[in-house]
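upload02.pdb (PDB, C-alpha atoms (C1' of nucleotides)) appears below.
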MODEL        1
ATOM      1  CA  MET A 265      -2.353  -3.864   2.238
ATOM      2  CA  PRO A 266       1.324  -4.529   2.079
ATOM      3  CA  GLU A 267       3.283  -1.704   3.665
ATOM      4  CA  LEU A 268       6.906  -1.654   4.768
ATOM      5  CA  PRO A 269       6.691  -4.485   7.358
ATOM      6  CA  GLU A 270       4.767  -6.738   4.998
ATOM      7  CA  VAL A 271       7.168  -6.088   2.121
ATOM      8  CA  GLU A 272      10.139  -6.704   4.415
ATOM      9  CA  THR A 273       8.581 -10.021   5.449
ATOM     10  CA  TYR A 274       8.150 -10.987   1.815
ATOM     11  CA  VAL A 275      11.756 -10.262   0.972
ATOM     12  CA  ARG A 276      13.073 -12.167   4.005
ATOM     13  CA  GLU A 277      10.970 -15.214   3.257
ATOM     14  CA  LEU A 278      11.636 -15.249  -0.481
ATOM     15  CA  ALA A 279      15.399 -14.684  -0.272
ATOM     16  CA  PRO A 280      16.379 -18.242   0.754
ATOM     17  CA  VAL A 281      13.898 -19.727  -1.703
ATOM     18  CA  LEU A 282      15.075 -17.724  -4.715
ATOM     19  CA  LEU A 283      18.807 -17.337  -4.039
ATOM     20  CA  GLY A 284      20.778 -18.920  -6.862
ATOM     21  CA  ARG A 285      17.687 -19.881  -8.851
ATOM     22  CA  ARG A 286      17.735 -19.201 -12.586
ATOM     23  CA  VAL A 287      14.671 -18.036 -14.498
ATOM     24  CA  THR A 288      13.903 -20.425 -17.355
ATOM     25  CA  ALA A 289      10.673 -18.936 -18.754
ATOM     26  CA  VAL A 290       8.492 -15.875 -18.212
ATOM     27  CA  ARG A 291       4.866 -15.298 -19.168
ATOM     28  CA  VAL A 292       3.107 -11.949 -18.712
ATOM     29  CA  LYS A 293      -0.659 -12.285 -18.855
ATOM     30  CA  TRP A 294      -1.575  -8.672 -17.986
ATOM     31  CA  PRO A 295       0.957  -6.452 -19.773
ATOM     32  CA  ARG A 296       0.190  -3.333 -17.733
ATOM     33  CA  THR A 297       1.764  -5.084 -14.757
ATOM     34  CA  ILE A 298       5.146  -4.452 -16.361
ATOM     35  CA  ALA A 299       6.010  -0.786 -15.928
ATOM     36  CA  ALA A 300       9.271  -1.134 -17.885
ATOM     37  CA  PRO A 301      10.515  -2.321 -20.289
ATOM     38  CA  ALA A 302       7.755  -3.360 -22.736
ATOM     39  CA  SER A 303       6.250  -6.609 -21.496
ATOM     40  CA  GLU A 304       7.598  -8.656 -24.453
ATOM     41  CA  VAL A 305      11.089  -7.356 -23.768
ATOM     42  CA  PHE A 306      10.628  -8.070 -20.060
ATOM     43  CA  GLU A 307       9.662 -11.676 -20.825
ATOM     44  CA  GLN A 308      12.600 -12.282 -23.134
ATOM     45  CA  SER A 309      15.310 -10.518 -21.226
ATOM     46  CA  LEU A 310      14.506 -11.907 -17.761
ATOM     47  CA  VAL A 311      14.999 -15.473 -19.014
ATOM     48  CA  GLY A 312      18.427 -16.805 -18.059
ATOM     49  CA  SER A 313      18.874 -14.421 -15.125
ATOM     50  CA  THR A 314      19.825 -15.757 -11.691
ATOM     51  CA  PHE A 315      18.644 -14.243  -8.408
ATOM     52  CA  SER A 316      21.669 -13.164  -6.408
ATOM     53  CA  GLU A 317      20.631 -10.558  -3.834
ATOM     54  CA  PHE A 318      17.554  -9.317  -2.046
ATOM     55  CA  GLY A 319      16.591  -5.945  -0.700
ATOM     56  CA  ARG A 320      13.797  -3.523  -0.029
ATOM     57  CA  ARG A 321      13.334   0.213  -0.383
ATOM     58  CA  GLY A 322      10.097   1.643   1.005
ATOM     59  CA  LYS A 323       7.394  -0.663  -0.288
ATOM     60  CA  TYR A 324       9.485  -1.807  -3.253
ATOM     61  CA  MET A 325      11.048  -5.275  -3.352
ATOM     62  CA  LEU A 326      14.450  -5.415  -5.020
ATOM     63  CA  PHE A 327      15.559  -8.705  -6.526
ATOM     64  CA  GLY A 328      19.160  -8.358  -7.667
ATOM     65  CA  LEU A 329      20.237 -10.466 -10.637
ATOM     66  CA  GLN A 330      23.688 -11.851 -11.302
ATOM     67  CA  ASP A 331      24.187  -9.581 -14.308
ATOM     68  CA  GLY A 332      23.722  -6.468 -12.169
ATOM     69  CA  ARG A 333      20.156  -5.729 -13.159
ATOM     70  CA  PHE A 334      17.212  -5.661 -10.769
ATOM     71  CA  LEU A 335      13.728  -7.054 -10.850
ATOM     72  CA  VAL A 336      11.750  -4.469  -8.862
ATOM     73  CA  VAL A 337       8.280  -5.405  -7.588
ATOM     74  CA  HIS A 338       5.636  -3.204  -5.964
ATOM     75  CA  LEU A 339       2.601  -5.085  -4.613
ATOM     76  CA  ARG A 340       0.434  -1.956  -4.235
ATOM     77  CA  MET A 341      -2.958  -3.009  -2.822
ATOM     78  CA  THR A 342      -3.563  -6.663  -3.483
ATOM     79  CA  GLY A 343      -0.399  -8.031  -5.051
ATOM     80  CA  LYS A 344       1.147 -11.294  -3.867
ATOM     81  CA  LEU A 345       4.128 -13.411  -4.882
ATOM     82  CA  GLU A 346       3.821 -17.144  -4.450
ATOM     83  CA  VAL A 347       6.313 -19.913  -5.140
ATOM     84  CA  VAL A 348       4.471 -22.987  -6.368
ATOM     85  CA  PRO A 349       5.276 -26.216  -8.221
ATOM     86  CA  GLN A 350       5.589 -25.570 -11.954
ATOM     87  CA  ALA A 351       2.610 -27.802 -12.709
ATOM     88  CA  THR A 352       0.297 -25.533 -10.712
ATOM     89  CA  ALA A 353      -2.427 -24.115 -12.945
ATOM     90  CA  PRO A 354      -2.465 -20.330 -12.591
ATOM     91  CA  GLY A 355      -5.564 -18.963 -10.877
ATOM     92  CA  LYS A 356      -7.761 -16.189 -12.174
ATOM     93  CA  HIS A 357      -5.664 -13.299 -10.918
ATOM     94  CA  ILE A 358      -2.170 -14.532 -11.800
ATOM     95  CA  HIS A 359      -0.680 -11.900 -14.105
ATOM     96  CA  VAL A 360       2.995 -12.895 -14.304
ATOM     97  CA  ILE A 361       4.569 -16.361 -14.154
ATOM     98  CA  MET A 362       8.293 -16.955 -13.799
ATOM     99  CA  ASP A 363       9.487 -20.537 -14.103
ATOM    100  CA  LEU A 364      12.637 -21.444 -12.180
ATOM    101  CA  ASP A 365      15.352 -24.027 -12.816
ATOM    102  CA  ASN A 366      14.306 -26.193  -9.866
ATOM    103  CA  GLY A 367      10.792 -27.119 -10.943
ATOM    104  CA  ALA A 368       9.111 -24.256  -9.117
ATOM    105  CA  SER A 369       7.366 -21.171 -10.477
ATOM    106  CA  VAL A 370       6.871 -17.707  -9.053
ATOM    107  CA  HIS A 371       3.295 -16.519  -9.536
ATOM    108  CA  PHE A 372       2.442 -12.831  -9.265
ATOM    109  CA  GLN A 373      -1.191 -12.588  -8.222
ATOM    110  CA  ASP A 374      -3.029  -9.282  -8.004
ATOM    111  CA  THR A 375      -6.811  -8.991  -7.887
ATOM    112  CA  ARG A 376      -6.920  -5.238  -8.438
ATOM    113  CA  LYS A 377      -4.102  -5.134 -10.979
ATOM    114  CA  PHE A 378      -2.421  -2.122  -9.375
ATOM    115  CA  GLY A 379       0.874  -3.923  -8.718
ATOM    116  CA  ARG A 380       3.861  -3.132 -10.924
ATOM    117  CA  MET A 381       7.203  -4.676 -11.918
ATOM    118  CA  TRP A 382      10.319  -3.211 -13.487
ATOM    119  CA  LEU A 383      13.387  -4.875 -14.956
ATOM    120  CA  THR A 384      16.152  -2.310 -14.889
ATOM    121  CA  ASP A 385      19.871  -1.805 -14.654
ATOM    122  CA  ASN A 386      19.255   1.414 -12.775
ATOM    123  CA  VAL A 387      17.132   0.928  -9.640
ATOM    124  CA  ASP A 388      17.681   4.531  -8.665
ATOM    125  CA  SER A 389      15.550   5.639 -11.592
ATOM    126  CA  VAL A 390      12.627   3.686 -10.155
ATOM    127  CA  LEU A 391      13.229   4.797  -6.571
ATOM    128  CA  ALA A 392      14.294   8.376  -7.216
ATOM    129  CA  LYS A 393      11.382  10.090  -5.508
ATOM    130  CA  LEU A 394      11.501   8.151  -2.251
ATOM    131  CA  GLY A 395      12.343   9.807   1.032
ATOM    132  CA  PRO A 396      14.574   8.130   3.637
ATOM    133  CA  GLU A 397      13.982   4.706   5.105
ATOM    134  CA  PRO A 398      12.114   5.128   8.393
ATOM    135  CA  LEU A 399      14.395   2.583  10.081
ATOM    136  CA  GLY A 400      17.551   4.139   8.655
ATOM    137  CA  GLU A 401      19.903   6.751  10.066
ATOM    138  CA  ALA A 402      18.682   9.567   7.833
ATOM    139  CA  PHE A 403      15.206   9.518   9.357
ATOM    140  CA  THR A 404      15.621  11.669  12.460
ATOM    141  CA  PRO A 405      13.279  13.968  14.411
ATOM    142  CA  ASP A 406      15.127  16.977  12.987
ATOM    143  CA  TYR A 407      14.712  15.713   9.434
ATOM    144  CA  LEU A 408      10.997  15.152   9.998
ATOM    145  CA  ALA A 409      10.599  18.594  11.557
ATOM    146  CA  GLU A 410      12.267  20.165   8.545
ATOM    147  CA  ARG A 411       9.958  18.370   6.117
ATOM    148  CA  LEU A 412       6.815  19.266   8.084
ATOM    149  CA  ALA A 413       7.707  22.901   8.645
ATOM    150  CA  SER A 414       5.139  25.320   7.214
ATOM    151  CA  ARG A 415       3.180  22.514   5.547
ATOM    152  CA  LYS A 416      -0.582  23.025   5.578
ATOM    153  CA  ALA A 417      -1.546  19.524   4.472
ATOM    154  CA  SER A 418      -2.724  17.178   7.212
ATOM    155  CA  ILE A 419      -0.106  15.188   9.065
ATOM    156  CA  LYS A 420      -1.888  12.020   7.924
ATOM    157  CA  ALA A 421      -1.454  12.977   4.261
ATOM    158  CA  LEU A 422       2.178  13.903   4.859
ATOM    159  CA  LEU A 423       2.929  10.561   6.515
ATOM    160  CA  LEU A 424       1.523   8.848   3.433
ATOM    161  CA  ASP A 425       3.811  10.941   1.185
ATOM    162  CA  GLN A 426       6.548   8.508   0.149
ATOM    163  CA  GLY A 427       8.834  11.440  -0.616
ATOM    164  CA  ILE A 428       8.915  12.415   3.051
ATOM    165  CA  VAL A 429       9.410   8.958   4.481
ATOM    166  CA  ALA A 430       9.309   5.719   2.476
ATOM    167  CA  GLY A 431       7.124   2.777   3.388
ATOM    168  CA  VAL A 432       4.377   4.125   5.637
ATOM    169  CA  GLY A 433       0.886   3.326   4.350
ATOM    170  CA  ASN A 434      -2.632   3.746   5.640
ATOM    171  CA  ILE A 435      -2.463   1.245   8.498
ATOM    172  CA  TYR A 436       0.810   2.395   9.987
ATOM    173  CA  ALA A 437       0.025   6.090   9.513
ATOM    174  CA  ASP A 438      -3.127   5.766  11.632
ATOM    175  CA  GLU A 439      -1.424   3.605  14.231
ATOM    176  CA  ALA A 440       1.566   5.937  14.516
ATOM    177  CA  LEU A 441      -0.636   9.019  14.980
ATOM    178  CA  TYR A 442      -2.636   7.248  17.657
ATOM    179  CA  ARG A 443       0.485   6.192  19.523
ATOM    180  CA  ALA A 444       1.844   9.731  19.299
ATOM    181  CA  ARG A 445      -1.556  11.149  20.387
ATOM    182  CA  ILE A 446      -1.795  13.439  17.368
ATOM    183  CA  HIS A 447      -5.042  14.164  15.529
ATOM    184  CA  PRO A 448      -4.690  13.079  11.884
ATOM    185  CA  SER A 449      -6.198  16.314  10.509
ATOM    186  CA  ARG A 450      -3.656  18.591  12.152
ATOM    187  CA  PRO A 451      -1.641  20.570   9.585
ATOM    188  CA  GLY A 452       1.881  19.176   9.435
ATOM    189  CA  GLY A 453       3.343  22.599  10.162
ATOM    190  CA  SER A 454       1.332  22.948  13.389
ATOM    191  CA  LEU A 455       3.076  20.135  15.249
ATOM    192  CA  SER A 456       5.343  21.106  18.119
ATOM    193  CA  HIS A 457       8.879  19.803  18.209
ATOM    194  CA  GLN A 458       7.876  17.497  21.031
ATOM    195  CA  GLU A 459       4.976  16.106  19.020
ATOM    196  CA  ILE A 460       7.263  15.519  16.059
ATOM    197  CA  ALA A 461       9.685  13.665  18.312
ATOM    198  CA  GLN A 462       6.829  11.502  19.618
ATOM    199  CA  LEU A 463       5.610  10.818  16.106
ATOM    200  CA  HIS A 464       9.080   9.924  14.911
ATOM    201  CA  ALA A 465       9.555   7.513  17.818
ATOM    202  CA  ALA A 466       6.128   5.995  17.214
ATOM    203  CA  VAL A 467       6.816   5.361  13.525
ATOM    204  CA  VAL A 468      10.141   3.709  14.246
ATOM    205  CA  ALA A 469       8.898   1.531  17.118
ATOM    206  CA  LEU A 470       5.734   0.562  15.290
ATOM    207  CA  LEU A 471       7.479  -0.547  12.112
ATOM    208  CA  ALA A 472      10.139  -2.478  13.998
ATOM    209  CA  ARG A 473       7.500  -4.296  16.029
ATOM    210  CA  ALA A 474       5.378  -5.025  12.947
ATOM    211  CA  ILE A 475       8.397  -6.525  11.177
ATOM    212  CA  GLU A 476       8.981  -8.739  14.229
ATOM    213  CA  LEU A 477       5.391  -9.961  13.965
ATOM    214  CA  GLN A 478       5.664 -10.385  10.166
ATOM    215  CA  GLY A 479       3.136  -7.733   9.244
ATOM    216  CA  SER A 480      -0.591  -7.172   9.620
ATOM    217  CA  SER A 481      -3.211  -9.479   8.110
ATOM    218  CA  LEU A 482      -6.728  -8.092   7.832
ATOM    219  CA  GLY A 483     -10.026  -9.603   6.851
ATOM    220  CA  THR A 484     -10.607 -12.844   5.066
ATOM    221  CA  ASN A 485     -11.367 -11.778   1.513
ATOM    222  CA  SER A 486      -9.040 -11.581  -1.433
ATOM    223  CA  LEU A 487      -9.048  -7.806  -1.571
ATOM    224  CA  GLN A 488      -7.681  -6.942   1.811
ATOM    225  CA  ASN A 489      -5.979 -10.036   3.119
ATOM    226  CA  TYR A 490      -2.223  -9.745   3.134
ATOM    227  CA  SER A 491      -0.532 -13.010   3.939
ATOM    228  CA  ARG A 492       3.073 -14.120   3.943
ATOM    229  CA  PRO A 493       4.456 -15.836   0.825
ATOM    230  CA  GLY A 494       3.549 -19.260   2.190
ATOM    231  CA  GLY A 495       0.012 -18.101   2.967
ATOM    232  CA  GLN A 496       0.433 -17.759   6.731
ATOM    233  CA  PRO A 497      -0.931 -14.601   8.346
ATOM    234  CA  GLY A 498       1.194 -11.942  10.012
ATOM    235  CA  GLY A 499       0.600 -11.128  13.666
ATOM    236  CA  PHE A 500       0.600  -7.350  13.996
ATOM    237  CA  GLN A 501      -3.158  -6.910  13.485
ATOM    238  CA  GLU A 502      -3.455  -8.058  17.116
ATOM    239  CA  GLU A 503      -1.730  -4.833  18.104
ATOM    240  CA  HIS A 504      -3.843  -2.412  16.079
ATOM    241  CA  TRP A 505      -5.306   0.227  18.371
ATOM    242  CA  VAL A 506      -7.412   2.152  15.836
ATOM    243  CA  PHE A 507      -7.170   0.774  12.303
ATOM    244  CA  ARG A 508     -10.566  -0.562  11.169
ATOM    245  CA  ARG A 509     -11.874  -0.281  14.719
ATOM    246  CA  THR A 510     -14.521   2.386  13.962
ATOM    247  CA  GLY A 511     -17.161   2.471  16.724
ATOM    248  CA  LYS A 512     -15.226   0.136  18.996
ATOM    249  CA  PRO A 513     -13.974   1.486  22.314
ATOM    250  CA  CYS A 514     -10.551   3.085  22.444
ATOM    251  CA  MET A 515      -8.401   0.691  24.422
ATOM    252  CA  ASN A 516      -6.924   3.616  26.329
ATOM    253  CA  CYS A 517      -9.985   5.743  27.211
ATOM    254  CA  GLY A 518     -13.056   3.800  26.099
ATOM    255  CA  HIS A 519     -14.395   6.465  23.714
ATOM    256  CA  PRO A 520     -15.558   5.010  20.369
ATOM    257  CA  ILE A 521     -12.964   5.135  17.622
ATOM    258  CA  GLU A 522     -14.019   7.487  14.817
ATOM    259  CA  ARG A 523     -13.433   7.429  11.083
ATOM    260  CA  LEU A 524     -12.641  10.307   8.720
ATOM    261  CA  VAL A 525     -11.594  10.476   5.098
ATOM    262  CA  ILE A 526      -8.303  12.303   4.642
ATOM    263  CA  ALA A 527      -6.458  12.397   1.334
ATOM    264  CA  GLN A 528      -9.062   9.918  -0.002
ATOM    265  CA  ARG A 529      -8.029   7.389   2.618
ATOM    266  CA  SER A 530      -9.961   5.954   5.544
ATOM    267  CA  THR A 531      -8.543   7.419   8.712
ATOM    268  CA  HIS A 532      -9.185   5.994  12.172
ATOM    269  CA  PHE A 533      -8.540   7.829  15.422
ATOM    270  CA  CYS A 534      -9.700   8.446  18.980
ATOM    271  CA  PRO A 535     -11.049  12.008  19.352
ATOM    272  CA  VAL A 536     -10.258  12.023  23.067
ATOM    273  CA  CYS A 537      -6.721  10.674  22.967
ATOM    274  CA  GLN A 538      -5.937  12.604  19.768
ATOM    275  CA  PRO A 539      -7.583  16.008  20.275
ATOM    276  CA  ALA A 540      -7.883  18.319  17.271
ATOM    277  CA  ASN A 541      -6.913  21.347  19.382
ATOM    278  CA  PRO A 542      -4.424  20.080  21.939
ATOM    279  CA  ASP A 543      -3.633  23.611  23.200
ATOM    280  CA  GLN A 544      -7.185  23.995  24.464
ATOM    281  CA  ALA A 545      -7.281  20.578  26.087
TER     282      ALA A 545
ATOM    283  C1'  DA B  56       6.318  24.348  -4.502
ATOM    284  C1'  DT B  57       2.040  22.809  -2.686
ATOM    285  C1'  DA B  58      -2.576  20.944  -2.422
ATOM    286  C1'  DA B  59      -6.517  18.672  -4.138
ATOM    287  C1'  DG B  60      -8.879  15.600  -7.053
ATOM    288  C1'  DG B  61      -9.225  11.906 -10.725
ATOM    289  C1'  DC B  62      -7.759   7.524 -12.386
ATOM    290  C1'  DC B  63      -6.734   2.659 -12.508
ATOM    291  C1'  DC B  64      -9.240  -2.085 -11.073
ATOM    292  C1'  DT B  65     -12.156  -5.752  -8.866
ATOM    293  C1'  DG B  66     -14.998  -7.944  -5.540
ATOM    294  C1'  DA B  67     -17.405  -7.160  -1.262
ATOM    295  C1'  DC B  68     -21.259  -5.273   0.360
ATOM    296  C1'  DC B  69     -25.730  -2.937   0.541
ATOM    297  C1'  DG B  70     -30.482  -1.959  -0.740
ATOM    298  C1'  DC B  71     -34.403  -3.278  -3.203
TER     299       DC B  71
ATOM    300  C1'  DT C 260     -32.162 -14.788  -5.751
ATOM    301  C1'  DG C 261     -30.463 -11.325  -8.565
ATOM    302  C1'  DC C 262     -29.177  -6.913  -9.967
ATOM    303  C1'  DG C 263     -27.158  -2.354  -9.924
ATOM    304  C1'  DG C 264     -24.702   1.156  -7.368
ATOM    305  C1'  DT C 265     -21.034   2.392  -4.156
ATOM    306  C1'  DC C 266     -16.690   1.888  -2.105
ATOM    307  C1'  DA C 267     -11.658   1.055  -0.988
ATOM    308  C1'  DG C 268      -6.977   2.454  -1.850
ATOM    309  C1'  DG C 269      -0.970   3.454  -3.577
ATOM    310  C1'  DG C 270       1.052   5.920  -6.680
ATOM    311  C1'  DC C 271       0.908   8.775 -10.532
ATOM    312  C1'  DC C 272      -1.034  12.366 -13.235
ATOM    313  C1'  DT C 273      -3.426  16.726 -14.049
ATOM    314  C1'  DT C 274      -5.170  21.037 -12.549
ATOM    315  C1'  DA C 275      -5.183  25.321  -9.975
TER     316       DA C 275
ENDMDL
END

Could you express the structure from this file as structure tokens?
Amino acid sequence: MPELPEVETYVRELAPVLLGRRVTAVRVKWPRTIAAPASEVFEQSLVGSTFSEFGRRGKYMLFGLQDGRFLVVHLRMTGKLEVVPQATAPGKHIHVIMDLDNGASVHFQDTRKFGRMWLTDNVDSVLAKLGPEPLGEAFTPDYLAERLASRKASIKALLLDQGIVAGVGNIYADEALYRARIHPSRPGGSLSHQEIAQLHAAVVALLARAIELQGSSLGTNSLQNYSRPGGQPGGFQEEHWVFRRTGKPCMNCGHPIERLVIAQRSTHFCPVCQPANPDQA
DNA sequence: ATAAGGCCCTGACCGC
DNA sequence: TGCGGTCAGGGCCTTA
């Protein structure tokens, strides 16, 4: 599952490979991958463009083109971008192919077909609903407190809300709540200011550390295994305290990690370290 | 405005 | 061995 640290790793590794490269041909094999414009228009109008700048917003990759437009890519669950020699036969789940002027091709692979691409001269229209970057100046404890105030939805669901903070997904939401010692089912509005400050600090530290380690790689199958553009794994899975550790001992207290479903997402936590009713503890 | 649930997709996994 | 059913999960959409 690519979340902010994984997407950041992608952008950093692809930037030197794609900088200055011109697109010479585009083939879209699964049209629904292209959110906008129509896939035929996407194919035709991306040809001739040169990659000139690289950025990220939340879980969106931003590939700036020399003419001022942007190729925006969201990997969702199982998307991957690979740079391969142009002669490489596309595998079963390659949905978009972009040939470059240096004999390489960019393959967009996505088993579940949830990933999306946009070609736009207005990135803000794609990113309009996103909240602040968690590693940016606008994401402060006071901001978070304001957004959580009086909310009845669980703090887990609110952390996953990209309009509150951009880039946190299922893995990092669980890990942040564990580190902040907050039960994932707690209503957002019930958190004390101190708990919000702890949660804020946990999110920031966690994401920074995960970027350092180039993301989290999980499992070995094609559905869940994020890997870096060259295929190498990230390293942050070694520092997961709760995610996908159901039944294994909490590394702080020894109690088995439990699993809940919140907002239709698997949620992992330690019931001792993250009590549901902290006031009574 | 907020909350909850369905939908898109496929392959892994489970039970028989 | 093979088959069918269930499940995961980000973002968007609909419903209440």

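Every residue that the PyMOL selection byres ((chain A) within 8 of (chain B)) selects in this file is listed here: A:Thr375, A:Arg376, A:Lys377, A:Phe378, A:Ala417, A:Leu487.
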
Chain B, all listed atoms, 4 Å padding on each side: what axis-aligned box centre and edge lengths in Å to one decimal come out, as lines of an AutoDock Vina configuration file?
center_x = -14.0
center_y = 8.2
center_z = -6.0
size_x = 48.7
size_y = 40.3
size_z = 21.0

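Applied to this file, the PyMOL selection byres ((chain C) within 9 of (chain A)) selects the residues C:DA267, C:DG268, C:DG269, C:DG270.
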
Since we have the selection now, will you write its residues out, keeping C-alpha atoms (C1' of nucleotides), as an mmCIF file, in the frame of the given file?
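After the write, again37.cif holds the following:
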data_model
loop_
_atom_site.group_PDB
_atom_site.id
_atom_site.type_symbol
_atom_site.label_atom_id
_atom_site.label_comp_id
_atom_site.auth_asym_id
_atom_site.auth_seq_id
_atom_site.Cartn_x
_atom_site.Cartn_y
_atom_site.Cartn_z
ATOM 1 C "C1'" DA C 267 -11.658 1.055 -0.988
ATOM 2 C "C1'" DG C 268 -6.977 2.454 -1.850
ATOM 3 C "C1'" DG C 269 -0.970 3.454 -3.577
ATOM 4 C "C1'" DG C 270 1.052 5.920 -6.680
#

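Straight-line separation from CA of Ala351 (chain A) to CA of Arg286 (chain A): 17.4 Å.
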
Would you mind listing what lies within 12 Å of region 390-399 of chain A as a ChimeraX atom specification, with only C-alpha atoms (C1' of nucleotides) counted and same-chain residues fewer than 3 positions away left out?
/A:268-269,272,299-301,320-326,334-338,380-387,402-405,407-408,411,422-432,436,463-473,475 /C:270-271

So how many Å separate CA of Tyr442 (chain A) and CA of Pro497 (chain A), to one decimal?
23.8 Å

Apply the PyMOL selection byres ((chain A and resi 443) around 12) to the file shown and report the selected residues as an NGL selection string.
:A and (436-442 or 444-448 or 459 or 461-470 or 503-507 or 514-516 or 533-534 or 537-538)

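Counting all atoms listed in the file, the residue from A:Arg333, A:Lys293, A:His457, A:His371 that sits nearest to Val348 (chain A) is A:His371.
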
Please identify all polymer residues within 10 Å of Asn366 (chain A), counting all atoms listed in the file, omitting same-chain residues fewer than 3 positions from it, and present them as a CSV table (one decimal) with C-alpha atoms, in the coordinates of the input.
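Listed below is the output, around.csv:
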chain,number,residue,atom,x,y,z
A,282,LEU,CA,15.1,-17.7,-4.7
A,285,ARG,CA,17.7,-19.9,-8.9
A,286,ARG,CA,17.7,-19.2,-12.6
A,287,VAL,CA,14.7,-18.0,-14.5
A,288,THR,CA,13.9,-20.4,-17.4
A,349,PRO,CA,5.3,-26.2,-8.2
A,350,GLN,CA,5.6,-25.6,-12.0
A,363,ASP,CA,9.5,-20.5,-14.1
A,369,SER,CA,7.4,-21.2,-10.5

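Take CA of Gly479 (chain A) and CA of Thr273 (chain A): the distance between them is 7.0 Å.
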